[in-house]
Amino acid sequence: MDGSDGLAGLLAAPRARGAFLLRSVLAPPFAVAVRDEAPLTVVSMVRGTTWIVPAAGEPALLAPGDLAIVRGPEPYTVADRPDTPVSVVIHPGQVSTDPAGAPLCEEMDLGGRSWGDRADGAAVLLTGTYQLRGEVNGRLLRALPPVAVVPADAWSSPLPALLGEEMDRDAPGQEVVLDRLLDLLLITALREWFARPEAAPPRWYRASGDPVVGRALRLLHRRPAEPWTVASLAAETGVSRAALARRFTELVGEPPMAYLTGWRLDLAADLLREPEATLAAVARRVGYGSPFALSSAFKRVRGVSPREHREYGAG
């Protein structure tokens, strides 16, 4: 067993909603500075090569079939060479301009979901962007480097090609289809990335492969609102309370109830960024008996109140 079930739990909800998907066709020399402040972007290289240059960290070269997971909200640059001067800037809302601020959206529109400087450009890449921070759990984002590359020879998946085909369609429900395909591509790529020796996966991910602790983690991920105790969690995993507490702490790095508190607050942080979510509703969904109880825990652990967190997230 690998850690994919724990990974799926982190991506189960919220998920992509109206993700931004684009086929970029670019002719060297090119350098696109992406400053959209999005939390996470998936880049699939279709043709040619390109560099992804993060604001912090080493540049990464993508060849055909390679896939990159780019962690935001820090900016990064997509370029034919790491030192090519920036010619296009992508702003929040996926607005493109030149470096001086002159609009380029209409000029670079190639029709449908395609964009670039010329239709026969040497470099073709598919980009799927999660636009809201709540769409990808913060615990997962913290486990990723600025750029994680899954090389073509390390995996085999029909998903990039299928995503490319679906991006060319305009059928009923197409936005939902694209969102779910992007989710599947991301989960598959993350599973491959965390299996690589350079990934240094977080302890909770490695622990997901343990028959006892992995089951406990899946229960906590799937049913965070349940009034868990170490005793009830041990009963569900089929071991003694002492054995679960000892093994969980050894593999995950913190006791089960401390992990549960962090998981609940991560979920609450994501849910609070949904405009329609009330504090009472969020408290119920993550296992707190009242808005006051959630507020107290949130302020104690994160240093800000849920209201302050929501205002910051909206800014």
# chains A, B, ... in the order shown; residues from 1 in each chain; ligands from 1
$ residues_around --residues "region 22-27 of chain A" --least-positions-apart "2" --cutoff "8 Å" --atoms "only C-alpha atoms" --output "list in words"
Phe20, Pro29, Phe30, Arg113, Ser114, Trp115, Gly116, Asp117, Arg118, Ala119, Asp120, Gly121, Ala122, Ala123, Val124, Leu125, Leu126, Thr127, Gly128, Gly164 and Met167 of chain A
$ write_last_selection --atoms "all heavy atoms" --output "compact mmCIF listing (two decimals), in the first residue's frame"
# COMPACT_ATOMS: atom_id res chain seq x y z
N PHE A 20 -8.75 27.16 -14.28
CA PHE A 20 -8.32 27.82 -15.52
C PHE A 20 -7.46 26.85 -16.30
O PHE A 20 -6.40 26.40 -15.82
CB PHE A 20 -7.55 29.09 -15.18
CG PHE A 20 -7.09 29.85 -16.39
CD1 PHE A 20 -8.00 30.61 -17.12
CD2 PHE A 20 -5.77 29.79 -16.81
CE1 PHE A 20 -7.58 31.31 -18.25
CE2 PHE A 20 -5.35 30.49 -17.92
CZ PHE A 20 -6.27 31.25 -18.65
N PRO A 29 12.38 33.42 -28.95
CA PRO A 29 12.55 33.47 -27.49
C PRO A 29 11.25 33.89 -26.80
O PRO A 29 10.52 34.73 -27.32
CB PRO A 29 13.63 34.54 -27.31
CG PRO A 29 13.42 35.46 -28.48
CD PRO A 29 12.97 34.60 -29.62
N PHE A 30 10.96 33.28 -25.65
CA PHE A 30 9.77 33.68 -24.90
C PHE A 30 10.07 33.58 -23.41
O PHE A 30 10.89 32.76 -22.97
CB PHE A 30 8.56 32.82 -25.26
CG PHE A 30 8.72 31.35 -24.93
CD1 PHE A 30 8.42 30.86 -23.67
CD2 PHE A 30 9.16 30.45 -25.90
CE1 PHE A 30 8.57 29.50 -23.37
CE2 PHE A 30 9.32 29.10 -25.62
CZ PHE A 30 9.01 28.62 -24.35
N ARG A 113 -9.43 27.39 -26.08
CA ARG A 113 -8.62 27.51 -24.87
C ARG A 113 -7.13 27.57 -25.22
O ARG A 113 -6.29 27.11 -24.45
CB ARG A 113 -8.91 26.34 -23.93
CG ARG A 113 -10.32 26.35 -23.34
CD ARG A 113 -10.51 25.23 -22.32
NE ARG A 113 -11.78 25.34 -21.65
CZ ARG A 113 -12.91 24.79 -22.09
NH1 ARG A 113 -12.89 24.09 -23.22
NH2 ARG A 113 -14.04 24.92 -21.43
N SER A 114 -6.81 28.12 -26.40
CA SER A 114 -5.42 28.23 -26.83
C SER A 114 -4.97 29.68 -26.82
O SER A 114 -5.75 30.59 -27.08
CB SER A 114 -5.24 27.63 -28.23
OG SER A 114 -5.49 26.25 -28.22
N TRP A 115 -3.69 29.86 -26.53
CA TRP A 115 -3.13 31.21 -26.34
C TRP A 115 -1.66 31.15 -26.70
O TRP A 115 -0.99 30.14 -26.49
CB TRP A 115 -3.33 31.59 -24.88
CG TRP A 115 -2.70 32.85 -24.40
CD1 TRP A 115 -3.29 34.09 -24.33
CD2 TRP A 115 -1.39 33.01 -23.84
NE1 TRP A 115 -2.41 34.99 -23.78
CE2 TRP A 115 -1.24 34.36 -23.48
CE3 TRP A 115 -0.33 32.12 -23.64
CZ2 TRP A 115 -0.08 34.85 -22.92
CZ3 TRP A 115 0.84 32.61 -23.09
CH2 TRP A 115 0.95 33.97 -22.73
N GLY A 116 -1.13 32.22 -27.28
CA GLY A 116 0.29 32.25 -27.57
C GLY A 116 0.65 33.31 -28.58
O GLY A 116 -0.18 34.15 -28.95
N ASP A 117 1.91 33.26 -29.03
CA ASP A 117 2.35 34.29 -29.96
C ASP A 117 2.23 33.85 -31.42
O ASP A 117 2.21 34.68 -32.32
CB ASP A 117 3.79 34.74 -29.65
CG ASP A 117 4.72 33.58 -29.38
OD1 ASP A 117 4.42 32.45 -29.83
OD2 ASP A 117 5.75 33.81 -28.72
N ARG A 118 2.13 32.52 -31.68
CA ARG A 118 1.90 32.04 -33.04
C ARG A 118 1.43 30.59 -32.98
O ARG A 118 1.87 29.82 -32.14
CB ARG A 118 3.15 32.17 -33.90
CG ARG A 118 4.40 31.63 -33.28
CD ARG A 118 5.65 32.00 -34.06
NE ARG A 118 5.77 31.20 -35.27
CZ ARG A 118 6.81 31.27 -36.09
NH1 ARG A 118 7.79 32.14 -35.83
NH2 ARG A 118 6.90 30.52 -37.16
N ALA A 119 0.53 30.22 -33.89
CA ALA A 119 -0.12 28.92 -33.83
C ALA A 119 0.84 27.76 -34.07
O ALA A 119 0.56 26.63 -33.67
CB ALA A 119 -1.27 28.87 -34.84
N ASP A 120 1.97 28.02 -34.74
CA ASP A 120 2.92 26.95 -35.03
C ASP A 120 4.17 27.05 -34.15
O ASP A 120 5.24 26.58 -34.53
CB ASP A 120 3.32 26.97 -36.51
CG ASP A 120 4.00 28.29 -36.90
OD1 ASP A 120 3.97 29.25 -36.10
OD2 ASP A 120 4.57 28.36 -38.01
N GLY A 121 4.03 27.66 -32.97
CA GLY A 121 5.17 27.81 -32.06
C GLY A 121 5.78 26.47 -31.69
O GLY A 121 5.10 25.44 -31.62
N ALA A 122 7.08 26.47 -31.44
CA ALA A 122 7.82 25.24 -31.17
C ALA A 122 7.46 24.61 -29.83
O ALA A 122 7.55 23.39 -29.66
CB ALA A 122 9.32 25.52 -31.22
N ALA A 123 7.05 25.43 -28.86
CA ALA A 123 6.74 24.92 -27.52
C ALA A 123 5.23 24.92 -27.30
O ALA A 123 4.56 25.94 -27.49
CB ALA A 123 7.42 25.78 -26.46
N VAL A 124 4.70 23.77 -26.91
CA VAL A 124 3.27 23.64 -26.61
C VAL A 124 3.13 23.02 -25.22
O VAL A 124 3.69 21.95 -24.96
CB VAL A 124 2.53 22.76 -27.64
CG1 VAL A 124 1.06 22.63 -27.26
CG2 VAL A 124 2.68 23.35 -29.04
N LEU A 125 2.41 23.68 -24.34
CA LEU A 125 2.20 23.16 -23.00
C LEU A 125 0.76 23.37 -22.57
O LEU A 125 0.13 24.37 -22.94
CB LEU A 125 3.15 23.80 -22.00
CG LEU A 125 3.25 25.31 -21.93
CD1 LEU A 125 3.57 25.75 -20.51
CD2 LEU A 125 4.37 25.83 -22.85
N LEU A 126 0.24 22.41 -21.80
CA LEU A 126 -1.08 22.51 -21.22
C LEU A 126 -0.94 22.94 -19.77
O LEU A 126 -0.11 22.40 -19.03
CB LEU A 126 -1.81 21.17 -21.28
CG LEU A 126 -1.96 20.50 -22.64
CD1 LEU A 126 -2.73 19.20 -22.50
CD2 LEU A 126 -2.63 21.43 -23.63
N THR A 127 -1.74 23.90 -19.36
CA THR A 127 -1.68 24.43 -18.00
C THR A 127 -3.05 24.33 -17.36
O THR A 127 -4.04 24.76 -17.94
CB THR A 127 -1.23 25.90 -18.01
OG1 THR A 127 0.04 26.00 -18.66
CG2 THR A 127 -1.10 26.43 -16.59
N GLY A 128 -3.08 23.77 -16.16
CA GLY A 128 -4.30 23.73 -15.36
C GLY A 128 -4.04 24.41 -14.03
O GLY A 128 -3.13 24.00 -13.29
N GLY A 164 -6.02 17.29 -22.93
CA GLY A 164 -5.84 18.10 -24.13
C GLY A 164 -7.00 17.97 -25.10
O GLY A 164 -7.45 18.96 -25.69
N MET A 167 -10.06 19.81 -23.72
CA MET A 167 -9.93 21.27 -23.77
C MET A 167 -10.40 21.81 -25.12
O MET A 167 -10.75 22.99 -25.23
CB MET A 167 -8.48 21.67 -23.50
CG MET A 167 -8.10 21.56 -22.04
SD MET A 167 -6.32 21.79 -21.74
CE MET A 167 -6.09 23.46 -22.32
$ residues_around --residues "Pro202 (chain A)" --least-positions-apart "4" --cutoff "9 Å" --atoms "only C-alpha atoms" --output "list in words"
Ala143, Phe194, Arg206, Ala207 and Val252 of chain A
$ residues_around --residues "region 48-63 of chain A" --least-positions-apart "3" --cutoff "10 Å" --atoms "only C-alpha atoms" --output "ChimeraX atom specification"
/A:25-28,30-34,43-45,66-68,70-72,74-83,121-125,145-152
$ write_last_selection --atoms "C-alpha atoms" --output "PDB file, in the first residue's frame"
ATOM      1  CA  VAL A  25       1.793  27.802 -27.994  1.00  0.00           C
ATOM      2  CA  LEU A  26       5.028  29.769 -27.883  1.00  0.00           C
ATOM      3  CA  ALA A  27       7.915  30.495 -30.231  1.00  0.00           C
ATOM      4  CA  PRO A  28      11.424  31.176 -28.844  1.00  0.00           C
ATOM      5  CA  PHE A  30       9.774  33.679 -24.901  1.00  0.00           C
ATOM      6  CA  ALA A  31       9.493  34.396 -21.182  1.00  0.00           C
ATOM      7  CA  VAL A  32       6.103  34.579 -19.477  1.00  0.00           C
ATOM      8  CA  ALA A  33       6.114  35.835 -15.879  1.00  0.00           C
ATOM      9  CA  VAL A  34       3.194  34.204 -14.051  1.00  0.00           C
ATOM     10  CA  VAL A  43       1.962  22.059 -16.427  1.00  0.00           C
ATOM     11  CA  SER A  44       2.079  19.257 -18.998  1.00  0.00           C
ATOM     12  CA  MET A  45       4.687  19.566 -21.766  1.00  0.00           C
ATOM     13  CA  ASP A  66       7.152  15.780 -18.534  1.00  0.00           C
ATOM     14  CA  LEU A  67       4.754  17.208 -15.996  1.00  0.00           C
ATOM     15  CA  ALA A  68       5.413  19.904 -13.398  1.00  0.00           C
ATOM     16  CA  VAL A  70       4.135  24.482  -9.442  1.00  0.00           C
ATOM     17  CA  ARG A  71       3.295  25.681  -5.942  1.00  0.00           C
ATOM     18  CA  GLY A  72       2.023  29.223  -5.492  1.00  0.00           C
ATOM     19  CA  GLU A  74       4.771  32.986  -5.376  1.00  0.00           C
ATOM     20  CA  PRO A  75       5.466  34.027  -8.985  1.00  0.00           C
ATOM     21  CA  TYR A  76       7.354  31.943 -11.502  1.00  0.00           C
ATOM     22  CA  THR A  77       8.449  32.307 -15.125  1.00  0.00           C
ATOM     23  CA  VAL A  78       7.916  29.999 -18.103  1.00  0.00           C
ATOM     24  CA  ALA A  79      10.686  30.582 -20.652  1.00  0.00           C
ATOM     25  CA  ASP A  80      12.691  29.040 -23.468  1.00  0.00           C
ATOM     26  CA  ARG A  81      15.845  29.828 -21.455  1.00  0.00           C
ATOM     27  CA  PRO A  82      16.202  30.826 -17.790  1.00  0.00           C
ATOM     28  CA  ASP A  83      17.822  34.150 -18.757  1.00  0.00           C
ATOM     29  CA  GLY A 121       5.168  27.813 -32.065  1.00  0.00           C
ATOM     30  CA  ALA A 122       7.821  25.239 -31.169  1.00  0.00           C
ATOM     31  CA  ALA A 123       6.739  24.923 -27.522  1.00  0.00           C
ATOM     32  CA  VAL A 124       3.268  23.643 -26.606  1.00  0.00           C
ATOM     33  CA  LEU A 125       2.202  23.163 -23.004  1.00  0.00           C
ATOM     34  CA  PRO A 145       8.688  22.230  -3.313  1.00  0.00           C
ATOM     35  CA  PRO A 146       8.278  25.326  -5.523  1.00  0.00           C
ATOM     36  CA  VAL A 147       8.453  23.097  -8.630  1.00  0.00           C
ATOM     37  CA  ALA A 148       8.021  19.304  -8.609  1.00  0.00           C
ATOM     38  CA  VAL A 149       8.808  17.607 -11.925  1.00  0.00           C
ATOM     39  CA  VAL A 150       7.577  14.138 -12.894  1.00  0.00           C
ATOM     40  CA  PRO A 151       9.657  13.132 -15.953  1.00  0.00           C
ATOM     41  CA  ALA A 152       8.032  11.362 -18.887  1.00  0.00           C
TER      42      ALA A 152
END
$ select_by_dssp --residues "region 8-80 of chain A" --states "alpha helix (DSSP H)" --output "PyMOL selection string"
chain A and resi 8-11
$ select_by_dssp --residues "region 127-201 of chain A" --states "strand (DSSP E)" --output "list of chain:residue names"
A:Thr127, A:Gly128, A:Thr129, A:Tyr130, A:Val147, A:Ala148, A:Val149, A:Val150
$ write_last_selection --atoms "N, CA and C atoms" --output "PDB file, in the first residue's frame"
ATOM      1  N   THR A 127      -1.744  23.903 -19.364  1.00  0.00           N
ATOM      2  CA  THR A 127      -1.680  24.427 -18.003  1.00  0.00           C
ATOM      3  C   THR A 127      -3.051  24.330 -17.356  1.00  0.00           C
ATOM      4  N   GLY A 128      -3.078  23.767 -16.161  1.00  0.00           N
ATOM      5  CA  GLY A 128      -4.303  23.731 -15.359  1.00  0.00           C
ATOM      6  C   GLY A 128      -4.042  24.413 -14.034  1.00  0.00           C
ATOM      7  N   THR A 129      -4.792  25.460 -13.746  1.00  0.00           N
ATOM      8  CA  THR A 129      -4.524  26.284 -12.564  1.00  0.00           C
ATOM      9  C   THR A 129      -5.687  26.241 -11.586  1.00  0.00           C
ATOM     10  N   TYR A 130      -5.379  25.860 -10.342  1.00  0.00           N
ATOM     11  CA  TYR A 130      -6.340  25.986  -9.242  1.00  0.00           C
ATOM     12  C   TYR A 130      -6.298  27.442  -8.801  1.00  0.00           C
ATOM     13  N   VAL A 147       8.742  23.799  -7.374  1.00  0.00           N
ATOM     14  CA  VAL A 147       8.453  23.097  -8.630  1.00  0.00           C
ATOM     15  C   VAL A 147       8.789  21.623  -8.443  1.00  0.00           C
ATOM     16  N   ALA A 148       7.806  20.751  -8.654  1.00  0.00           N
ATOM     17  CA  ALA A 148       8.021  19.304  -8.609  1.00  0.00           C
ATOM     18  C   ALA A 148       7.831  18.763 -10.014  1.00  0.00           C
ATOM     19  N   VAL A 149       8.863  18.110 -10.556  1.00  0.00           N
ATOM     20  CA  VAL A 149       8.808  17.607 -11.925  1.00  0.00           C
ATOM     21  C   VAL A 149       8.701  16.085 -11.928  1.00  0.00           C
ATOM     22  N   VAL A 150       7.711  15.577 -12.661  1.00  0.00           N
ATOM     23  CA  VAL A 150       7.577  14.138 -12.894  1.00  0.00           C
ATOM     24  C   VAL A 150       8.002  13.887 -14.342  1.00  0.00           C
TER      25      VAL A 150
END
$ residues_around --residues "Glu236 (chain A)" --least-positions-apart "6" --cutoff "12 Å" --atoms "only C-alpha atoms" --output "number ranges by chain"
A: 212-220, 228-230, 244
$ atom_distance --atom1 "CA of Pro160 (chain A)" --atom2 "CA of Leu185 (chain A)"
7.2 Å
$ residues_around --residues "Leu141 (chain A)" --least-positions-apart "4" --cutoff "8 Å" --atoms "only C-alpha atoms" --output "VMD selection string"
chain A and resid 39 to 40 71 136 to 137
$ write_last_selection --atoms "N, CA, C and O atoms" --output "tab-separated table (two decimals), in the first residue's frame"
chain	number	residue	atom	x	y	z
A	39	PRO	N	-2.73	29.14	-6.03
A	39	PRO	CA	-2.03	28.26	-5.08
A	39	PRO	C	-1.28	27.12	-5.72
A	39	PRO	O	-0.28	26.66	-5.18
A	40	LEU	N	-1.75	26.65	-6.89
A	40	LEU	CA	-1.10	25.50	-7.48
A	40	LEU	C	-1.45	25.41	-8.96
A	40	LEU	O	-2.58	25.68	-9.37
A	71	ARG	N	3.97	25.19	-7.14
A	71	ARG	CA	3.30	25.68	-5.94
A	71	ARG	C	3.30	27.20	-5.90
A	71	ARG	O	4.34	27.84	-6.10
A	136	VAL	N	-7.07	23.51	-2.82
A	136	VAL	CA	-6.02	22.54	-2.52
A	136	VAL	C	-5.64	22.72	-1.05
A	136	VAL	O	-5.32	23.82	-0.62
A	137	ASN	N	-5.69	21.63	-0.31
A	137	ASN	CA	-5.48	21.73	1.14
A	137	ASN	C	-4.09	22.27	1.47
A	137	ASN	O	-3.10	21.91	0.85
$ closest_residue --among "A:Gly65, A:Pro306, A:Gly173, A:Pro92" --to "Trp155 (chain A)" --atoms "only C-alpha atoms"
A:Gly65
$ atom_distance --atom1 "CA of Asp109 (chain A)" --atom2 "CA of Leu159 (chain A)"
24.9 Å
$ closest_residue --among "A:Leu163, A:Leu190, A:Ala245, A:Val95" --to "Leu178 (chain A)" --atoms "only C-alpha atoms"
A:Leu163
$ closest_residue --among "A:Asp210, A:Asp153, A:Glu165, A:Asp179" --to "Glu192 (chain A)" --atoms "only C-alpha atoms"
A:Asp153
$ atom_distance --atom1 "CA of Ile90 (chain A)" --atom2 "CA of Leu186 (chain A)"
22.0 Å
